[in-house]
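> Pasting protein-v6.cif here (mmCIF, C-alpha atoms):
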```
data_coords
#
loop_
_atom_site.label_atom_id
_atom_site.label_comp_id
_atom_site.auth_asym_id
_atom_site.auth_seq_id
_atom_site.Cartn_x
_atom_site.Cartn_y
_atom_site.Cartn_z
CA MET A 1 99.08 95.44 98.74
CA THR A 2 101.17 96.88 95.91
CA THR A 3 103.13 94.26 94.01
CA PRO A 4 106.81 95.17 93.52
CA ALA A 5 107.84 96.61 90.16
CA ILE A 6 111.54 97.42 90.11
CA LEU A 7 113.52 99.19 87.40
CA ILE A 8 117.31 98.78 87.40
CA THR A 9 119.81 100.47 85.11
CA GLY A 10 123.11 98.81 84.24
CA ALA A 11 121.54 95.43 84.95
CA SER A 12 123.63 93.28 82.61
CA SER A 13 126.62 92.80 84.92
CA GLY A 14 128.22 93.61 88.25
CA LEU A 15 126.07 95.10 90.98
CA GLY A 16 123.15 95.68 88.62
CA ALA A 17 122.93 91.99 87.75
CA ALA A 18 123.40 91.01 91.40
CA LEU A 19 120.61 93.35 92.46
CA ALA A 20 118.27 91.98 89.79
CA LEU A 21 118.88 88.46 91.05
CA ALA A 22 118.49 89.54 94.68
CA TYR A 23 115.04 90.97 93.96
CA ALA A 24 113.89 88.24 91.58
CA ALA A 25 111.01 86.27 93.11
CA ASN A 26 107.43 85.23 92.48
CA GLY A 27 105.17 88.25 92.16
CA VAL A 28 107.99 90.67 91.34
CA THR A 29 108.20 92.51 88.02
CA LEU A 30 111.67 93.58 86.91
CA PHE A 31 112.39 96.17 84.25
CA LEU A 32 116.06 95.72 83.39
CA GLY A 33 118.06 98.06 81.19
CA ALA A 34 121.63 97.93 79.89
CA ARG A 35 123.70 98.29 76.73
CA ASN A 36 124.88 94.69 76.33
CA SER A 37 122.03 92.60 74.94
CA GLU A 38 123.60 89.16 75.37
CA ARG A 39 124.52 89.64 79.01
CA LEU A 40 121.21 91.33 79.79
CA GLN A 41 119.21 88.43 78.34
CA GLN A 42 121.19 85.98 80.46
CA VAL A 43 120.47 87.96 83.62
CA ALA A 44 116.80 88.14 82.65
CA GLU A 45 116.63 84.39 82.14
CA ASP A 46 118.25 83.76 85.52
CA CYS A 47 115.71 86.08 87.15
CA ARG A 48 112.80 84.33 85.45
CA LYS A 49 114.04 81.03 86.86
CA ARG A 50 113.52 82.57 90.29
CA GLY A 51 109.91 83.39 89.45
CA ALA A 52 110.11 87.05 88.45
CA ALA A 53 108.40 88.60 85.46
CA VAL A 54 111.14 90.35 83.49
CA GLU A 55 111.16 92.90 80.69
CA THR A 56 114.44 94.03 79.17
CA THR A 57 115.40 97.15 77.24
CA ILE A 58 118.65 97.97 75.49
CA VAL A 59 119.31 101.56 76.47
CA ASP A 60 122.23 103.89 77.17
CA VAL A 61 121.71 105.93 80.34
CA THR A 62 123.37 108.94 78.70
CA ASP A 63 120.52 109.10 76.15
CA ARG A 64 118.05 111.38 77.92
CA ALA A 65 115.15 110.93 75.50
CA ALA A 66 115.49 107.15 75.32
CA MET A 67 115.66 106.87 79.11
CA GLU A 68 112.55 108.97 79.62
CA GLN A 69 110.68 106.90 77.04
CA TRP A 70 111.73 103.64 78.73
CA ILE A 71 110.82 104.76 82.22
CA ARG A 72 107.43 106.15 81.22
CA ALA A 73 106.62 103.03 79.20
CA SER A 74 107.64 100.76 82.08
CA ASP A 75 105.57 102.74 84.57
CA ALA A 76 102.58 102.61 82.24
CA ARG A 77 102.81 98.82 82.23
CA HIS A 78 103.20 98.54 86.01
CA ASP A 79 103.46 101.33 88.59
CA LEU A 80 107.14 101.46 89.52
CA THR A 81 107.69 100.91 93.23
CA LEU A 82 111.50 101.15 93.14
CA VAL A 83 113.97 102.63 90.67
CA ILE A 84 117.65 101.82 91.18
CA ALA A 85 119.99 104.14 89.30
CA ASN A 86 122.92 101.76 89.21
CA ALA A 87 124.66 102.16 85.84
CA GLY A 88 128.12 103.66 85.98
CA ILE A 89 131.63 103.44 84.59
CA SER A 90 135.16 104.10 85.79
CA GLY A 91 138.35 105.05 84.02
CA GLY A 92 142.00 105.47 84.75
CA THR A 93 145.04 104.94 82.59
CA GLY A 94 147.89 105.16 85.06
CA ASN A 95 148.90 108.61 83.85
CA GLN A 96 149.31 111.63 86.11
CA LEU A 97 145.77 112.87 85.56
CA GLY A 98 144.20 109.55 86.52
CA GLU A 99 141.73 109.72 83.61
CA THR A 100 142.01 111.00 80.05
CA ALA A 101 139.93 113.95 78.88
CA GLU A 102 137.58 111.62 77.00
CA GLN A 103 137.27 109.30 79.98
CA THR A 104 136.49 112.26 82.23
CA ARG A 105 133.60 113.39 80.05
CA ALA A 106 132.30 109.84 79.60
CA ILE A 107 132.42 109.18 83.36
CA PHE A 108 130.42 112.30 84.18
CA ALA A 109 127.94 111.53 81.40
CA ALA A 110 127.26 108.00 82.69
CA ASN A 111 127.64 108.45 86.43
CA LEU A 112 125.95 111.82 86.84
CA ASP A 113 123.75 112.47 83.82
CA GLY A 114 122.86 108.76 83.75
CA VAL A 115 121.49 108.96 87.29
CA LEU A 116 119.51 112.10 86.50
CA ASN A 117 118.16 110.55 83.31
CA ALA A 118 116.94 107.56 85.29
CA LEU A 119 115.36 109.41 88.19
CA LEU A 120 114.06 112.76 86.96
CA PRO A 121 111.38 111.10 84.76
CA ALA A 122 110.45 108.65 87.55
CA ILE A 123 110.09 111.11 90.41
CA PRO A 124 106.98 112.96 89.11
CA LEU A 125 105.27 109.62 88.45
CA MET A 126 105.87 108.56 92.05
CA GLN A 127 104.88 111.98 93.38
CA ALA A 128 101.52 111.67 91.67
CA ARG A 129 100.92 108.38 93.52
CA LYS A 130 102.46 109.60 96.79
CA ALA A 131 104.46 106.39 96.90
CA GLY A 132 107.69 104.87 95.67
CA GLN A 133 111.36 104.56 96.37
CA ILE A 134 114.58 105.39 94.59
CA ALA A 135 118.12 104.18 95.19
CA ILE A 136 121.24 105.89 93.89
CA MET A 137 124.51 104.05 93.36
CA ALA A 138 127.21 106.34 94.70
CA SER A 139 130.45 105.04 96.20
CA LEU A 140 132.77 105.39 99.16
CA ALA A 141 135.07 106.95 96.56
CA GLY A 142 132.70 109.93 96.62
CA PHE A 143 133.83 110.94 100.11
CA ARG A 144 137.26 112.19 99.01
CA GLY A 145 138.90 112.88 95.67
CA LEU A 146 141.61 110.38 94.83
CA PRO A 147 144.47 111.13 92.40
CA SER A 148 143.92 107.81 90.65
CA ALA A 149 140.30 108.57 89.71
CA PRO A 150 139.34 112.24 90.18
CA ALA A 151 136.43 112.22 87.74
CA TYR A 152 135.02 108.95 89.12
CA CYS A 153 135.23 110.27 92.70
CA ALA A 154 133.68 113.59 91.73
CA SER A 155 130.81 111.98 89.82
CA LYS A 156 130.00 109.75 92.77
CA ALA A 157 130.27 112.68 95.18
CA ALA A 158 127.78 114.61 93.06
CA VAL A 159 125.11 111.91 93.05
CA LYS A 160 125.71 111.19 96.74
CA VAL A 161 125.05 114.78 97.75
CA TRP A 162 122.14 115.14 95.31
CA GLY A 163 120.52 112.01 96.71
CA GLU A 164 120.97 113.19 100.28
CA GLY A 165 119.36 116.48 99.33
CA ILE A 166 116.32 115.12 97.53
CA ARG A 167 115.62 112.63 100.34
CA GLY A 168 114.22 115.43 102.50
CA TRP A 169 112.48 117.03 99.54
CA LEU A 170 110.64 113.83 98.58
CA ALA A 171 109.84 112.55 102.07
CA GLY A 172 106.66 114.61 102.13
CA ASP A 173 105.51 112.84 98.97
CA GLY A 174 105.88 109.42 100.55
CA ILE A 175 108.98 108.62 98.46
CA GLY A 176 112.02 107.02 100.07
CA VAL A 177 115.55 107.78 98.90
CA SER A 178 118.60 105.67 99.69
CA VAL A 179 122.15 106.57 98.67
CA ILE A 180 124.36 103.49 98.29
CA CYS A 181 128.08 103.85 98.97
CA PRO A 182 129.87 100.53 98.46
CA GLY A 183 133.56 99.93 98.92
CA PHE A 184 135.52 97.51 96.77
CA ILE A 185 133.23 94.95 95.13
CA ALA A 186 134.44 92.07 92.97
CA THR A 187 133.07 93.12 89.57
CA ALA A 188 134.46 93.73 86.08
CA MET A 189 135.07 97.35 87.13
CA THR A 190 137.53 96.34 89.85
CA LYS A 191 138.99 93.30 88.09
CA THR A 192 141.63 95.39 86.35
CA ASN A 193 142.87 97.00 89.56
CA ARG A 194 146.45 96.00 90.27
CA PHE A 195 146.58 97.30 93.82
CA PRO A 196 145.32 95.97 97.16
CA MET A 197 141.56 96.32 97.67
CA PRO A 198 140.87 95.95 101.40
CA PHE A 199 137.68 94.17 102.46
CA LEU A 200 136.85 93.18 98.88
CA MET A 201 133.31 91.80 98.78
CA THR A 202 131.36 89.68 96.29
CA ALA A 203 128.60 91.36 94.29
CA GLU A 204 126.10 88.84 95.67
CA LYS A 205 126.85 89.74 99.29
CA ALA A 206 126.82 93.45 98.46
CA ALA A 207 123.41 93.11 96.78
CA GLN A 208 121.93 91.56 99.91
CA ILE A 209 123.28 94.42 102.05
CA MET A 210 121.86 96.95 99.60
CA LYS A 211 118.48 95.23 99.41
CA LYS A 212 118.17 95.18 103.19
CA GLY A 213 119.12 98.85 103.46
CA ILE A 214 116.72 99.90 100.70
CA GLY A 215 113.95 97.89 102.36
CA ALA A 216 114.55 99.83 105.59
CA ASN A 217 114.66 103.14 103.68
CA ARG A 218 118.09 103.87 105.07
CA ALA A 219 119.38 107.27 104.02
CA ARG A 220 122.91 106.03 103.42
CA ILE A 221 123.99 102.45 102.84
CA ALA A 222 127.77 102.60 103.28
CA PHE A 223 129.74 99.36 103.55
CA PRO A 224 131.86 97.59 104.54
CA TRP A 225 132.05 99.61 107.74
CA GLN A 226 135.83 99.36 107.95
CA THR A 227 136.33 101.03 104.57
CA ALA A 228 133.53 103.51 105.28
CA PHE A 229 135.28 104.60 108.46
CA MET A 230 138.62 104.96 106.68
CA VAL A 231 137.24 107.20 103.92
CA TRP A 232 135.23 109.23 106.44
CA LEU A 233 138.41 109.85 108.40
CA LEU A 234 140.35 110.64 105.24
CA ALA A 235 137.74 113.23 104.26
CA ALA A 236 137.64 114.72 107.77
CA LEU A 237 141.38 115.28 108.09
CA PRO A 238 142.92 118.49 106.70
CA PRO A 239 144.39 118.20 103.19
CA SER A 240 147.83 119.20 104.51
CA TRP A 241 147.81 115.92 106.40
CA THR A 242 146.38 113.72 103.68
CA ASP A 243 148.00 115.13 100.52
CA PRO A 244 151.31 113.29 101.06
CA LEU A 245 149.40 110.04 101.51
CA MET A 246 147.29 110.71 98.42
CA ALA A 247 150.42 111.37 96.37
CA MET A 248 151.53 107.80 97.11
CA SER A 249 148.18 106.19 96.28
CA PRO A 250 148.26 103.61 93.46
CA ARG A 251 147.12 104.48 89.95
CA LYS A 252 144.61 102.51 87.92
CA GLU A 253 146.07 100.76 84.89
#
```
Here is a file; write its structure as structure tokens.


Amino acid sequence: MTTPAILITGASSGLGAALALAYAANGVTLFLGARNSERLQQVAEDCRKRGAAVETTIVDVTDRAAMEQWIRASDARHDLTLVIANAGISGGTGNQLGETAEQTRAIFAANLDGVLNALLPAIPLMQARKAGQIAIMASLAGFRGLPSAPAYCASKAAVKVWGEGIRGWLAGDGIGVSVICPGFIATAMTKTNRFPMPFLMTAEKAAQIMKKGIGANRARIAFPWQTAFMVWLLAALPPSWTDPLMAMSPRKE
């Protein structure tokens, strides 16, 4: 039986840290990457206390060469069984555009290129073994563009659709693909929001839902169901109906 070896990007905080802790157990090897060394080392120590073997790497997901080097080196040490492309950022300044020009470019670089930089080097390695699994952190925000965060929504929509597409492509190679679409989760990313966040969930609870869905190789892990239904309906309705509502939506500060 193959022993689990899991690589997680953006593992120093939020959902990445919660996922690392959710998977940490005896016999599990974790390869954790992030930009913040101090926070990453604390997460690694907490995971080791749960019995996991942990290796950490300070890496920026927007650095294509560094990411490929990290993933290949990690796989050489232990065949990767699961890669979770989790790292991402949001923006928003409260202005009419929702995000500044610099924020827009940074969001796409982290949320889209960062996912590609994590998975494109890993996929051929898994294809050669005819085994493995990948998970992509999208968002319920990717179902419909919101005036408060157009770049964030678009970046999450892109990785959502890409993940759904490659799931069928990789199934023949024995590789599972799960696209994760969480709603509002209590993390540093949502802490600055000054508007109501319905069905807000802890990162720990969200990680357990994600772990269960990934374990079942679910195509889409969208939760909580109440928020998932609302965004599905919002996306299904004609823009002439929803534009007035969107115009009244709160802005990020």

> Residues around (101.7, 102.7, 89.2), cut-off 8 Å, counting all atoms listed in the file - what are they as a PyMOL selection string?

chain A and resi 75-76+78-81+125-126+129

> Kindly give the distance, in Å, that separates CA of Asn111 in chain A and CA of Ile89 in chain A, rounded to a single decimal.

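Computing the Euclidean distance for CA of Asn111 in chain A and CA of Ile89 in chain A yields 6.7 Å.
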
> Nearest to Ala24 in chain A: which of A:Arg39, A:Ile107, A:Arg220, A:Lys211 is it, counting only C-alpha atoms?

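Among the listed residues, the smallest separation from Ala24 in chain A belongs to A:Lys211.
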
> List the residues matched by the PyMOL selection byres ((chain A and resi 123) around 10) in the displayed structure as a PyMOL selection string, ordered by chain and then by residue number.

chain A and resi 83+118-122+124-128+131-134+170+173+175

> Which value, in Å to one decimal, gives the distance between CA of Ala85 in chain A and CA of Ile136 in chain A?

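So the answer is 5.1 Å.
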
> Work out how far apart CA of Ser37 in chain A and CA of Pro182 in chain A are and give it in Å to one decimal.

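Straight-line distance from CA of Ser37 in chain A to CA of Pro182 in chain A works out to 26.0 Å.
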
> Counting only C-alpha atoms, figure out which residue out of A:Lys205, A:Lys49, A:Lys156, A:Lys130 gets nearest to Gly88 in chain A.

A:Lys156

> Return the single residue from A:Ala151, A:Ala203, A:Ala110, A:Ala141 that is closest to Thr62 in chain A, with distances computed using all atoms listed in the file.

A:Ala110

> Selection in question (the file shown): the PyMOL selection byres ((chain A and resi 2-12) around 6). Which residues does it include, as a short mmCIF file (atom, residue, chain, number, x, y, z; two decimals) with C-alpha atoms, in the frame of the given file?


```cif
data_model
loop_
_atom_site.label_atom_id
_atom_site.label_comp_id
_atom_site.auth_asym_id
_atom_site.auth_seq_id
_atom_site.Cartn_x
_atom_site.Cartn_y
_atom_site.Cartn_z
CA MET A 1 99.08 95.44 98.74
CA SER A 13 126.62 92.80 84.92
CA GLY A 16 123.15 95.68 88.62
CA ALA A 17 122.93 91.99 87.75
CA VAL A 28 107.99 90.67 91.34
CA THR A 29 108.20 92.51 88.02
CA LEU A 30 111.67 93.58 86.91
CA PHE A 31 112.39 96.17 84.25
CA LEU A 32 116.06 95.72 83.39
CA GLY A 33 118.06 98.06 81.19
CA ALA A 34 121.63 97.93 79.89
CA ARG A 39 124.52 89.64 79.01
CA LEU A 40 121.21 91.33 79.79
CA LEU A 80 107.14 101.46 89.52
CA THR A 81 107.69 100.91 93.23
CA LEU A 82 111.50 101.15 93.14
CA VAL A 83 113.97 102.63 90.67
CA ILE A 84 117.65 101.82 91.18
CA ALA A 85 119.99 104.14 89.30
CA ASN A 86 122.92 101.76 89.21
CA ALA A 87 124.66 102.16 85.84
#
```
